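File shown: final01.csv. Contents: CSV, C-alpha atoms.
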chain,number,residue,atom,x,y,z
A,1,MET,CA,17.5,10.3,-18.7
A,2,LYS,CA,13.9,9.8,-20.0
A,3,ASP,CA,11.5,12.5,-19.1
A,4,GLU,CA,9.0,10.1,-17.5
A,5,LEU,CA,11.7,9.0,-15.0
A,6,LEU,CA,12.6,12.5,-13.8
A,7,ASP,CA,9.8,12.8,-11.2
A,8,GLN,CA,10.5,9.3,-9.9
A,9,VAL,CA,14.2,10.0,-9.0
A,10,ALA,CA,14.0,13.7,-7.9
A,11,TRP,CA,11.6,16.4,-6.6
A,12,ILE,CA,11.3,19.0,-9.2
A,13,GLY,CA,9.8,22.4,-8.5
A,14,ALA,CA,8.8,24.2,-11.8
A,15,PRO,CA,8.7,28.0,-12.3
A,16,GLY,CA,5.3,29.5,-12.4
A,17,ALA,CA,4.6,32.4,-14.7
A,18,ALA,CA,8.3,33.3,-15.0
A,19,PRO,CA,10.2,31.7,-17.9
A,20,ALA,CA,12.8,29.0,-16.7
A,21,ARG,CA,16.1,30.7,-16.2
A,22,GLY,CA,18.2,27.9,-14.7
A,23,ILE,CA,18.5,25.0,-12.2
A,24,VAL,CA,19.1,25.2,-8.5
A,25,LEU,CA,20.2,21.8,-7.1
A,26,ALA,CA,19.7,21.0,-3.4
A,27,PHE,CA,21.9,18.3,-2.0
A,28,THR,CA,20.8,16.7,1.2
A,29,GLY,CA,22.6,15.6,4.4
A,30,LEU,CA,24.0,12.2,5.3
A,31,GLY,CA,21.2,9.6,6.0
A,32,PHE,CA,18.4,11.5,4.3
A,33,THR,CA,15.8,9.2,2.9
A,34,GLY,CA,12.7,11.5,2.8
A,35,MET,CA,10.7,12.7,-0.2
A,36,LYS,CA,9.5,16.2,-0.9
A,37,ASP,CA,5.9,17.1,-1.9
A,38,ALA,CA,6.0,20.9,-1.8
A,39,PRO,CA,8.5,23.7,-2.0
A,40,SER,CA,9.8,25.6,1.0
A,41,GLU,CA,9.2,29.4,1.2
A,42,GLN,CA,12.7,30.0,-0.2
A,43,GLU,CA,12.3,27.5,-3.0
A,44,GLN,CA,9.0,29.2,-3.9
A,45,LEU,CA,10.8,32.5,-4.0
A,46,LEU,CA,13.4,31.0,-6.4
A,47,MET,CA,10.7,29.4,-8.6
A,48,ASP,CA,8.9,32.7,-8.9
A,49,ARG,CA,12.1,34.2,-10.3
A,50,GLY,CA,12.5,31.4,-12.9
A,51,ALA,CA,14.4,28.7,-11.0
A,52,VAL,CA,13.8,25.0,-11.6
A,53,CYS,CA,14.4,23.7,-8.1
A,54,VAL,CA,15.7,20.1,-8.1
A,55,LEU,CA,16.3,17.8,-5.1
A,56,PRO,CA,17.9,14.6,-6.3
A,57,TYR,CA,16.9,11.5,-4.4
A,58,LEU,CA,20.4,10.1,-3.7
A,59,GLY,CA,21.4,7.1,-1.6
A,60,PRO,CA,21.5,8.0,2.1
A,61,TRP,CA,25.2,7.1,2.2
A,62,SER,CA,26.3,8.8,-1.1
A,63,TRP,CA,29.5,10.8,-1.0
A,64,MET,CA,29.4,12.1,-4.6
A,65,ASP,CA,31.0,8.8,-5.7
A,66,ASP,CA,31.3,8.3,-9.5
A,67,GLY,CA,27.9,6.7,-9.8
A,68,THR,CA,26.2,9.5,-8.0
A,69,VAL,CA,27.9,12.2,-10.1
A,70,ALA,CA,26.8,10.4,-13.3
A,71,PHE,CA,23.2,10.2,-12.0
A,72,VAL,CA,23.1,13.9,-11.2
A,73,ASP,CA,24.6,14.8,-14.6
A,74,ASP,CA,21.9,12.7,-16.3
A,75,LEU,CA,19.2,14.2,-14.2
A,76,VAL,CA,20.3,17.8,-14.9
A,77,GLU,CA,20.4,17.1,-18.7
A,78,GLY,CA,16.9,15.6,-18.5
A,79,VAL,CA,15.6,18.6,-16.6
A,80,ARG,CA,17.2,21.0,-19.1
A,81,ARG,CA,15.4,19.2,-22.0
A,82,ARG,CA,12.1,19.3,-20.1
A,83,PHE,CA,12.3,23.1,-19.5
A,84,GLY,CA,14.1,24.1,-22.7
A,85,LEU,CA,17.2,25.2,-20.9
A,86,THR,CA,20.6,25.3,-22.6
A,87,ASP,CA,24.0,24.1,-21.5
A,88,ASP,CA,24.8,27.8,-20.7
A,89,SER,CA,21.8,28.2,-18.4
A,90,PRO,CA,22.7,28.7,-14.8
A,91,LEU,CA,23.3,25.5,-12.8
A,92,ILE,CA,23.6,26.4,-9.1
A,93,ALA,CA,24.5,23.8,-6.5
A,94,THR,CA,23.4,24.2,-2.9
A,95,GLY,CA,23.5,22.0,0.2
A,96,GLY,CA,24.7,21.6,3.8
A,97,SER,CA,26.8,19.1,5.7
A,98,ARG,CA,27.2,16.0,3.4
A,99,GLY,CA,25.2,18.1,1.0
A,100,GLY,CA,27.8,20.8,1.3
A,101,HIS,CA,30.5,18.3,0.3
A,102,ALA,CA,28.3,17.2,-2.6
A,103,VAL,CA,28.1,20.8,-3.8
A,104,LEU,CA,31.8,21.3,-3.8
A,105,ALA,CA,32.7,17.9,-5.1
A,106,TYR,CA,30.1,18.1,-7.9
A,107,ALA,CA,31.7,21.3,-9.1
A,108,PHE,CA,35.0,19.6,-10.0
A,109,LEU,CA,33.7,16.1,-10.7
A,110,SER,CA,30.7,16.8,-13.0
A,111,ARG,CA,31.0,16.7,-16.8
A,112,LEU,CA,28.7,19.7,-16.8
A,113,LYS,CA,29.6,23.3,-16.0
A,114,VAL,CA,28.4,24.4,-12.6
A,115,SER,CA,27.8,28.1,-12.4
A,116,ALA,CA,27.9,28.8,-8.7
A,117,CYS,CA,28.0,26.9,-5.3
A,118,PHE,CA,26.5,27.6,-1.9
A,119,ALA,CA,27.7,25.3,0.9
A,120,ASN,CA,26.6,25.4,4.5
A,121,CYS,CA,29.0,23.7,7.0
A,122,PRO,CA,30.4,21.5,4.3
A,123,VAL,CA,32.6,18.4,4.6
A,124,CYS,CA,35.8,19.6,2.8
A,125,ASP,CA,38.4,17.1,3.9
A,126,LEU,CA,36.8,13.7,3.2
A,127,ALA,CA,39.8,11.8,4.4
A,128,PHE,CA,39.9,13.5,7.8
A,129,HIS,CA,36.1,13.2,8.1
A,130,TYR,CA,36.5,9.4,8.0
A,131,THR,CA,38.2,9.7,11.4
A,132,GLU,CA,36.0,12.6,12.8
A,133,ARG,CA,33.1,10.5,14.0
A,134,PRO,CA,32.6,6.8,14.6
A,135,ASP,CA,29.4,6.6,12.4
A,136,LEU,CA,31.2,7.8,9.2
A,137,PRO,CA,33.6,5.0,8.0
A,138,ARG,CA,30.8,2.6,7.2
A,139,THR,CA,29.1,5.2,5.0
A,140,MET,CA,32.3,5.9,3.0
A,141,HIS,CA,33.2,2.2,2.5
A,142,HIS,CA,29.7,1.7,1.2
A,143,ALA,CA,29.8,4.7,-1.1
A,144,PHE,CA,33.1,3.8,-2.7
A,145,ASP,CA,32.3,0.1,-2.8
A,146,SER,CA,35.4,-1.0,-0.9
A,147,TYR,CA,35.8,-2.6,2.5
A,148,ASP,CA,39.6,-2.4,2.2
A,149,ASP,CA,41.6,0.9,2.1
A,150,VAL,CA,39.5,3.7,0.7
A,151,THR,CA,42.1,6.5,1.2
A,152,ALA,CA,42.7,7.0,-2.5
A,153,ALA,CA,39.0,7.3,-3.2
A,154,LEU,CA,38.5,9.7,-0.3
A,155,GLU,CA,41.3,12.0,-1.5
A,156,SER,CA,40.2,12.0,-5.1
A,157,HIS,CA,36.6,13.0,-4.0
A,158,SER,CA,37.8,15.5,-1.3
A,159,PRO,CA,37.4,19.2,-2.1
A,160,LEU,CA,40.4,20.1,0.1
A,161,HIS,CA,42.7,17.5,-1.6
A,162,GLN,CA,41.4,18.6,-5.0
A,163,SER,CA,41.3,22.3,-4.4
A,164,GLU,CA,43.5,23.1,-7.4
A,165,ARG,CA,40.9,21.5,-9.6
A,166,MET,CA,38.0,23.6,-8.2
A,167,PRO,CA,36.6,25.7,-11.1
A,168,LYS,CA,36.8,29.5,-10.7
A,169,ILE,CA,33.2,30.3,-10.2
A,170,PRO,CA,31.3,32.1,-7.5
A,171,TYR,CA,31.3,30.3,-4.1
A,172,LEU,CA,29.5,31.2,-0.9
A,173,ILE,CA,30.6,29.1,2.1
A,174,VAL,CA,29.0,29.4,5.5
A,175,HIS,CA,30.2,27.7,8.6
A,176,GLY,CA,29.2,27.9,12.2
A,177,GLU,CA,31.9,28.4,14.7
A,178,GLU,CA,30.3,26.0,17.2
A,179,ASP,CA,29.9,23.1,14.7
A,180,THR,CA,30.8,19.9,16.4
A,181,ALA,CA,29.6,17.5,13.7
A,182,VAL,CA,31.8,19.0,10.9
A,183,GLY,CA,34.6,21.0,12.5
A,184,LYS,CA,35.0,24.5,10.9
A,185,VAL,CA,38.7,24.6,11.6
A,186,ALA,CA,39.4,21.2,10.0
A,187,HIS,CA,37.1,21.8,7.0
A,188,SER,CA,36.0,25.2,5.7
A,189,ASP,CA,38.9,27.2,7.2
A,190,ARG,CA,41.4,25.0,5.4
A,191,LEU,CA,39.5,24.8,2.1
A,192,VAL,CA,39.0,28.5,1.9
A,193,LEU,CA,42.7,29.1,2.6
A,194,ALA,CA,43.7,26.6,-0.1
A,195,MET,CA,41.2,28.0,-2.6
A,196,ARG,CA,42.4,31.6,-2.1
A,197,GLN,CA,45.9,30.4,-2.6
A,198,HIS,CA,44.8,29.1,-6.0
A,199,GLY,CA,43.3,32.4,-6.9
A,200,HIS,CA,39.7,32.0,-6.0
A,201,ASP,CA,37.7,35.1,-5.0
A,202,LEU,CA,35.1,33.5,-2.7
A,203,ASP,CA,32.7,34.7,0.0
A,204,TYR,CA,33.3,33.0,3.4
A,205,VAL,CA,30.8,33.7,6.2
A,206,GLU,CA,31.9,32.5,9.7
A,207,VAL,CA,28.9,32.6,12.0
A,208,ALA,CA,29.6,33.1,15.7
A,209,GLY,CA,27.5,30.9,18.0
A,210,MET,CA,26.0,28.8,15.2
A,211,GLY,CA,26.2,25.0,15.4
A,212,HIS,CA,25.9,22.5,12.5
A,213,CYS,CA,24.1,24.1,9.6
A,214,GLY,CA,22.0,26.5,11.7
A,215,PRO,CA,20.0,28.1,12.9
A,216,LEU,CA,21.0,30.8,10.4
A,217,PRO,CA,20.9,34.4,11.6
A,218,ASP,CA,18.5,36.5,9.5
A,219,ASP,CA,21.3,38.6,7.9
A,220,VAL,CA,23.2,35.4,6.8
A,221,ALA,CA,20.0,33.8,5.5
A,222,SER,CA,19.2,36.9,3.5
A,223,ARG,CA,22.8,36.9,2.2
A,224,ILE,CA,22.3,33.3,1.0
A,225,ASP,CA,19.1,34.1,-0.8
A,226,ALA,CA,20.7,37.1,-2.4
A,227,PHE,CA,23.6,35.0,-3.6
A,228,VAL,CA,21.5,32.3,-5.2
A,229,LEU,CA,19.0,34.7,-6.7
A,230,GLY,CA,21.8,36.9,-8.0
A,231,GLN,CA,23.5,34.0,-9.7
A,232,LEU,CA,20.2,32.9,-11.2
A,233,SER,CA,19.7,36.3,-12.7
A,234,GLY,CA,23.3,37.1,-13.5
A,235,ASN,CA,23.2,40.0,-11.0
A,236,GLU,CA,25.5,39.5,-8.0
A,237,ILE,CA,23.5,42.0,-6.0
A,238,GLY,CA,20.4,39.7,-6.3
A,239,CYS,CA,17.6,40.9,-4.0
A,240,LEU,CA,19.8,42.6,-1.4
A,241,GLN,CA,18.4,45.9,-2.7
A,242,GLY,CA,14.8,44.7,-2.3
A,243,SER,CA,12.7,43.6,0.5
A,244,SER,CA,11.7,40.1,-0.6
A,245,CYS,CA,14.7,38.2,0.8
A,246,GLN,CA,13.6,36.4,3.9
A,247,GLY,CA,14.9,33.2,5.4
A,248,GLY,CA,17.7,31.1,3.8
A,249,ILE,CA,18.1,28.3,1.2
A,250,ALA,CA,18.3,25.5,3.7
A,251,PRO,CA,18.0,22.0,2.1
A,252,ALA,CA,17.2,19.0,4.3
A,253,GLN,CA,20.4,18.1,6.1
A,254,ARG,CA,21.8,16.3,9.1

Please, can you express the file's structure as structure tokens?
Amino acid sequence: MKDELLDQVAWIGAPGAAPARGIVLAFTGLGFTGMKDAPSEQEQLLMDRGAVCVLPYLGPWSWMDDGTVAFVDDLVEGVRRRFGLTDDSPLIATGGSRGGHAVLAYAFLSRLKVSACFANCPVCDLAFHYTERPDLPRTMHHAFDSYDDVTAALESHSPLHQSERMPKIPYLIVHGEEDTAVGKVAHSDRLVLAMRQHGHDLDYVEVAGMGHCGPLPDDVASRIDAFVLGQLSGNEIGCLQGSSCQGGIAPAQR
């Protein structure tokens, strides 16, 4: 992707005085059509530590279909060229809800190596999610360009159905026990079990009393910040030993 196009198709938050260390992608929720013009407090924290924060402007009904994956790959490669990052620089995917699905699906569908994933209340079983709410089928037919049977496409882009393909990288999955939009039992519980059966050592945080994607308790929000900052710096402890972790990485979501 040409450099002059990058800012037209994504919001890009550049590091300040710190040298660029890596990219933190933020995937948005279903139906998101907004634009960003400033970083959140958490994004500013990341940028101060050397993150290039990138929010791709995806179609509101994208479900990490093949065209979306190719677009994000091209975007990441363009951002790397702009900031002098290498293929080995950290590439951390974050998001919630549909964005949580994007995080997990991108990890096994991308031609690039994703370093770590944080997903909040993610859609893990795309085929089941088709039946979970009446507003969802139209979005999936649109994403996969089919108004016939989309079962094969849903399963090939479903983290649960493709759990054996998930790369063995650090994962932090958070899910609220009171989530009625993306049921925890049907999605994260099943994916975490399957991934552990395939040898993944992942961090799963089950949040009592929390609904869809939030509000995040302070301790969970700090844990998320520590995870992302730790992966950015190559230090799994991140900022847990410091006092600067406040709030949580919470991309726009629905």

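Using only C-alpha atoms, the shortest contact distance between Ser146 in chain A and any of A:Ser97, A:Val192, A:Asp65, A:Asp179 is found at A:Asp65.
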
Polymer residues at most 7 Å from Val9 in chain A, only C-alpha atoms, same-chain spacing of 4 or more positions, as a ChimeraX atom specification: /A:5,56-57

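Distances here use all atoms listed in the file; by that measure, the residue among A:Val52, A:Leu30, A:Met210, A:Ala153 closest to Leu136 in chain A is A:Leu30.
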
Please build the interface table for range 135-182 of chain A against range 100-106 of chain A with a cut-off of 10 Å, listing for each qualifying residue the nearest atom pair and the distance in Å to one decimal; count all atoms listed in the file, order rows by chain and increasing number, and write it as CSV.
residue,atom,partner,partner_atom,distance
A:Ser156,CA,A:Ala105,CA,9.5
A:His157,CA,A:Ala105,CA,6.4
A:Ser158,CA,A:Ala105,CA,6.8
A:Pro159,CA,A:Ala105,CA,5.7
A:Leu160,CA,A:Leu104,CA,9.5
A:Gln162,CA,A:Ala105,CA,8.7
A:Ser163,CA,A:Leu104,CA,9.6
A:Met166,CA,A:Leu104,CA,7.9
A:Pro167,CA,A:Leu104,CA,9.8
A:Tyr171,CA,A:Leu104,CA,9.0
A:Ile173,CA,A:Gly100,CA,8.8
A:Val174,CA,A:Gly100,CA,9.6

At what distance in Å, to one decimal, does CA of Pro217 in chain A lie from CA of Gly34 in chain A? 25.9 Å

Using only C-alpha atoms, which protein or nucleic acid residues come within 10 Å of Leu191 in chain A? Drop anything in the same chain fewer than 4 positions from it, and give the result as a ChimeraX atom specification. /A:122-125,159-163,173,184-187,195-197

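For the pair CA of Ser188 in chain A and CA of Gln44 in chain A, the separation is 28.9 Å.
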
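Straight-line separation from CA of Glu132 in chain A to CA of Gly183 in chain A: 8.5 Å.
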
Please list as a ChimeraX atom specification every residue within 9 Å of range 68-80 of chain A, counting all atoms listed in the file and excluding residues in the same chain fewer than 3 positions away. /A:1-3,6,9-10,12,22-23,25,52,54,56,58-59,62-65,83-87,89,91,105-106,109-112

Centre and edge lengths of an axis-aligned box around all listed atoms of range 197-208 of chain A, with 6 Å added on each side, are to be given in Å to one decimal, as JSON.
{"center_x": 37.4, "center_y": 32.1, "center_z": 4.4, "size_x": 29.0, "size_y": 18.0, "size_z": 34.6}

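Nearest residue to Phe32 in chain A, choosing from A:Pro134, A:Gly13, A:Gly96, A:Gly67 and counting all atoms listed in the file: A:Gly96.
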